[in-house]
Structure formats: structure tokens, C-alpha cells
file data-v4.cif (mmCIF, C-alpha atoms)
data_model
#
loop_
_atom_site.label_atom_id
_atom_site.label_comp_id
_atom_site.auth_asym_id
_atom_site.auth_seq_id
_atom_site.Cartn_x
_atom_site.Cartn_y
_atom_site.Cartn_z
CA MET A 1 0.00 0.00 0.00
CA LYS A 2 1.05 3.56 -0.63
CA GLN A 3 2.47 5.45 2.37
CA LEU A 4 2.32 9.17 3.05
CA SER A 5 5.15 11.23 1.60
CA PRO A 6 7.50 13.00 4.04
CA LEU A 7 6.09 16.39 2.99
CA THR A 8 2.52 15.23 3.63
CA ARG A 9 3.47 13.84 7.03
CA THR A 10 5.29 17.05 7.95
CA LEU A 11 2.35 19.22 6.89
CA LEU A 12 -0.07 16.99 8.73
CA LEU A 13 1.98 17.08 11.91
CA LEU A 14 2.46 20.83 11.65
CA THR A 15 -1.26 21.30 11.16
CA ILE A 16 -1.95 19.18 14.18
CA GLY A 17 0.75 20.89 16.23
CA LEU A 18 -0.22 24.43 15.34
CA SER A 19 -3.97 24.02 15.57
CA GLY A 20 -3.80 25.35 19.14
CA ASN A 21 -6.21 25.06 22.05
CA LEU A 22 -7.86 21.86 20.87
CA ALA A 23 -9.41 19.87 23.67
CA ALA A 24 -9.69 16.63 21.68
CA GLU A 25 -6.98 14.02 21.61
CA ILE A 26 -5.71 12.72 18.29
CA TYR A 27 -5.06 9.05 17.75
CA THR A 28 -2.79 7.53 15.12
CA TRP A 29 -2.18 3.94 14.06
CA THR A 30 -0.79 1.96 11.18
CA ASP A 31 -2.96 -0.76 9.69
CA LYS A 32 -1.76 -4.18 8.49
CA ASP A 33 -1.07 -2.74 4.99
CA GLY A 34 1.23 -0.06 6.43
CA LYS A 35 -1.20 2.82 5.92
CA VAL A 36 -1.11 5.50 8.65
CA HIS A 37 -4.49 6.66 9.99
CA PHE A 38 -5.45 9.66 12.15
CA SER A 39 -8.70 9.99 14.10
CA ASP A 40 -10.30 11.69 17.06
CA LYS A 41 -11.66 8.29 18.20
CA PRO A 42 -9.41 5.40 19.18
CA ILE A 43 -9.94 1.95 17.76
CA THR A 44 -9.37 -1.23 19.72
CA SER A 45 -8.21 -3.59 17.00
CA GLU A 46 -4.89 -1.83 16.32
CA LYS A 47 -2.01 -0.44 18.37
CA VAL A 48 -3.02 3.21 18.82
CA THR A 49 -0.68 6.06 19.70
CA THR A 50 -2.14 9.19 21.28
CA ILE A 51 -0.88 12.54 19.95
CA LYS A 52 -1.31 15.44 22.32
CA PRO A 53 -1.54 18.74 20.43
CA LYS A 54 1.00 21.34 21.45
CA GLU A 55 -0.27 24.43 23.20
CA ASN A 56 0.05 27.57 21.11
CA ASN A 57 1.57 30.35 23.18
CA ASN A 58 1.89 32.74 20.24
CA ILE A 59 -1.59 34.18 20.55
CA ALA A 60 -1.40 37.89 21.34
CA ASN A 61 -2.71 39.21 24.60
CA ALA A 62 -6.06 40.93 24.45
CA VAL A 63 -5.88 44.64 23.73
CA SER A 64 -6.41 46.71 26.84
CA LYS A 65 -8.17 50.08 26.90
CA ASP A 66 -4.97 51.92 27.73
CA SER A 67 -2.69 50.30 25.14
CA GLN A 68 -0.99 52.52 22.58
CA TRP A 69 -2.76 50.77 19.72
CA GLN A 70 -6.16 51.37 21.35
CA ARG A 71 -5.39 55.04 22.00
CA ASP A 72 -4.29 55.52 18.37
CA PHE A 73 -7.38 53.71 17.12
CA ASN A 74 -9.70 55.84 19.29
CA LYS A 75 -7.93 59.02 18.16
CA SER A 76 -8.31 58.00 14.51
CA LYS A 77 -11.96 57.11 15.07
CA GLN A 78 -12.60 60.49 16.73
CA ALA A 79 -10.87 62.34 13.87
CA LYS A 80 -12.99 60.49 11.29
CA ALA A 81 -16.16 61.30 13.22
CA GLU A 82 -15.22 64.98 13.40
CA GLN A 83 -14.41 65.04 9.69
CA ALA A 84 -17.75 63.39 8.86
CA GLU A 85 -19.56 65.94 11.02
CA GLU A 86 -17.73 68.80 9.30
CA GLU A 87 -18.58 67.38 5.88
CA ALA A 88 -22.25 67.04 6.88
CA LYS A 89 -22.26 70.63 8.16
CA GLN A 90 -20.69 71.82 4.89
CA ALA A 91 -23.26 69.83 2.89
CA ARG A 92 -26.12 71.48 4.82
CA LYS A 93 -24.54 74.88 4.23
CA ASN A 94 -24.08 74.10 0.51
CA LYS A 95 -27.70 72.94 0.27
CA GLY A 96 -28.91 76.33 1.53
CA TYR A 97 -26.55 78.11 -0.87
CA CYS A 98 -27.75 75.93 -3.76
CA ASN A 99 -31.38 76.69 -2.94
CA GLN A 100 -30.56 80.42 -2.95
CA LEU A 101 -28.82 80.11 -6.34
CA ARG A 102 -31.82 78.20 -7.76
CA ARG A 103 -34.22 80.91 -6.56
CA GLN A 104 -32.08 83.67 -8.09
CA LEU A 105 -31.85 81.80 -11.41
CA ALA A 106 -35.62 81.21 -11.37
CA THR A 107 -36.21 84.94 -10.81
CA ILE A 108 -34.02 85.84 -13.80
CA ASP A 109 -35.62 83.13 -15.96
CA GLN A 110 -39.09 84.41 -15.04
CA GLY A 111 -38.34 87.60 -16.89
CA GLY A 112 -39.64 91.09 -16.24
CA ARG A 113 -37.88 94.05 -14.79
CA ILE A 114 -35.43 93.27 -12.01
CA TYR A 115 -33.88 95.93 -9.83
CA VAL A 116 -31.13 96.22 -7.26
CA MET A 117 -31.45 98.55 -4.27
CA SER A 118 -28.62 101.01 -3.75
CA PRO A 119 -27.34 101.87 -0.25
CA GLU A 120 -29.33 105.09 -0.46
CA GLY A 121 -32.54 103.12 -1.07
CA GLU A 122 -32.88 103.91 -4.76
CA ARG A 123 -33.93 101.28 -7.27
CA SER A 124 -31.56 100.56 -10.12
CA PHE A 125 -33.12 98.42 -12.86
CA GLN A 126 -30.81 95.95 -14.58
CA SER A 127 -30.39 95.89 -18.33
CA GLU A 128 -30.64 92.73 -20.45
CA ALA A 129 -26.83 92.58 -20.65
CA GLN A 130 -26.53 92.81 -16.86
CA LEU A 131 -29.17 90.10 -16.42
CA LYS A 132 -27.41 87.84 -18.93
CA ALA A 133 -24.06 88.33 -17.13
CA GLU A 134 -25.71 87.70 -13.74
CA LYS A 135 -27.38 84.54 -15.04
CA LYS A 136 -24.06 83.29 -16.43
CA LYS A 137 -22.34 83.95 -13.09
CA LEU A 138 -25.10 82.22 -11.08
CA THR A 139 -25.17 79.22 -13.45
CA LYS A 140 -21.40 78.80 -13.17
CA ALA A 141 -21.57 78.97 -9.35
CA TYR A 142 -24.43 76.45 -9.31
CA LYS A 143 -22.56 73.97 -11.51
CA GLN A 144 -19.40 74.23 -9.42
CA THR A 145 -21.08 73.96 -6.02
CA CYS A 146 -24.32 72.05 -6.43
CA ARG A 147 -23.71 69.23 -8.89
#
call {"tool": "encode", "arguments": {"input": "data-v4.cif", "output": "C-alpha cells"}}
result
Amino acid sequence: MKQLSPLTRTLLLLTIGLSGNLAAEIYTWTDKDGKVHFSDKPITSEKVTTIKPKENNNIANAVSKDSQWQRDFNKSKQAKAEQAEEEAKQARKNKGYCNQLRRQLATIDQGGRIYVMSPEGERSFQSEAQLKAEKKKLTKAYKQTCR
């Protein structure tokens, strides 16, 4: 019968040895044809050898609240939360600005005579050229900010 290659045996033993914290015992035996068997249940008809898995001591300790990693993580988390809040605040501000731009564009599109009040309280009506320039300026601002 075909036996396990040395590489297969090594990998199998390493897997068993590094599997860490297993409570079960592993049993191995060779049958009458020379084939090696592994099981978690012993058999009575063959000579069985018990393999005790090695304990894995390489597992890292749990992260404590005052560890450097935890402090850095919390600081990063706080910075991300503050950035998200700032972005949300900016989005709300932009939404109000966009609504104002839309209203101004709608007023110009509506047509009619549009005036601007001077500091002295006098009305100054805008010409078609002024309205066209104002519409172009508002449209450009809307496209840059609101889309």
C-alpha cells in the first residue's frame, strides 16, 4: 500500500501541532497494509498512539483600553467622526446656498424688470446685458457647487 510522503506527514503534523487550544486528543495507528491513519476516536483492533496537540503560546494578549494601539485607534476614530460631522455641516450649508442660487436663477428666468437697491434706497433696474451676465455667473456657481 502507498504510504504518506514525508512532505505530507510534515504538513499533517504541523497542522496538528499548530492548531492550538484543541481539547480533543488525536489518535494515530498503522494498519496491516502499512497505511497511517489519524482519528479523534481510538480503535481497539490496532495499536493506537495518542498525539497530544501542542499548546500555542503565540496568541497575542487581548488589547487593553490603555494600550498605545487602542489610543491611536480611538484618536483616529474620533478624527474620522469629526471630519464626517464637518462634511455634513458643509453639505447642509451648501444645500442652503444651492437653494438660494436656484431661486435667483428662477427669478431671472421668469423675466420682467429686475432691480437692485442702492445703499441710499434707490432702485436701479438691470439691463438685459446685466441680467445675462448675472445669469451666467449664477449658473457657473451652481454647476461648481451644487452638482
call {"tool": "resolve_selection", "arguments": {"input": "data-v4.cif", "expression": "the PyMOL selection byres ((chain A and resi 35) around 12)", "output": "list of chain:residue names"}}
result
A:Met1, A:Lys2, A:Gln3, A:Leu4, A:Ser5, A:Thr28, A:Trp29, A:Thr30, A:Asp31, A:Lys32, A:Asp33, A:Gly34, A:Val36, A:His37, A:Phe38, A:Glu46
call {"tool": "resolve_selection", "arguments": {"input": "data-v4.cif", "expression": "the PyMOL selection byres ((chain A and resi 98) around 12)", "output": "PyMOL selection string"}}
result
chain A and resi 90-97+99-105+138-147
call {"tool": "atom_distance", "arguments": {"input": "data-v4.cif", "atom1": "CA of Leu12 in chain A", "atom2": "CA of Ser45 in chain A"}}
result
23.6 Å
call {"tool": "atom_distance", "arguments": {"input": "data-v4.cif", "atom1": "CA of Tyr27 in chain A", "atom2": "CA of Lys47 in chain A"}}
result
10.0 Å
call {"tool": "axis_aligned_box", "arguments": {"input": "data-v4.cif", "around": "range 24-34 of chain A", "padding_each_side": "4 Å", "output": "lines of an AutoDock Vina configuration file"}}
result
center_x = -4.2
center_y = 6.2
center_z = 13.3
size_x = 18.9
size_y = 28.8
size_z = 24.7
call {"tool": "atom_distance", "arguments": {"input": "data-v4.cif", "atom1": "CA of Ile51 in chain A", "atom2": "CA of Glu25 in chain A"}}
result
6.5 Å
call {"tool": "residues_around", "arguments": {"input": "data-v4.cif", "residues": "Gly111 in chain A", "least_positions_apart": "3", "cutoff": "10 Å", "atoms": "all atoms listed in the file", "output": "short mmCIF file (atom, residue, chain, number, x, y, z; two decimals) with C-alpha atoms, in the coordinates of the input"}}
result
data_model
loop_
_atom_site.label_atom_id
_atom_site.label_comp_id
_atom_site.auth_asym_id
_atom_site.auth_seq_id
_atom_site.Cartn_x
_atom_site.Cartn_y
_atom_site.Cartn_z
CA ALA A 106 -35.62 81.21 -11.37
CA THR A 107 -36.21 84.94 -10.81
CA ILE A 108 -34.02 85.84 -13.80
CA ILE A 114 -35.43 93.27 -12.01
CA GLU A 128 -30.64 92.73 -20.45
CA LEU A 131 -29.17 90.10 -16.42
#
call {"tool": "closest_residue", "arguments": {"input": "data-v4.cif", "among": "A:Leu11, A:Ala79, A:Ala88, A:Ile26", "to": "Lys54 in chain A", "atoms": "all atoms listed in the file"}}
result
A:Ile26
call {"tool": "residues_near_point", "arguments": {"input": "data-v4.cif", "point": "(-33.6, 102.8, -15.0)", "cutoff": "12 Å", "atoms": "all atoms listed in the file", "output": "count of residues only"}}
result
12
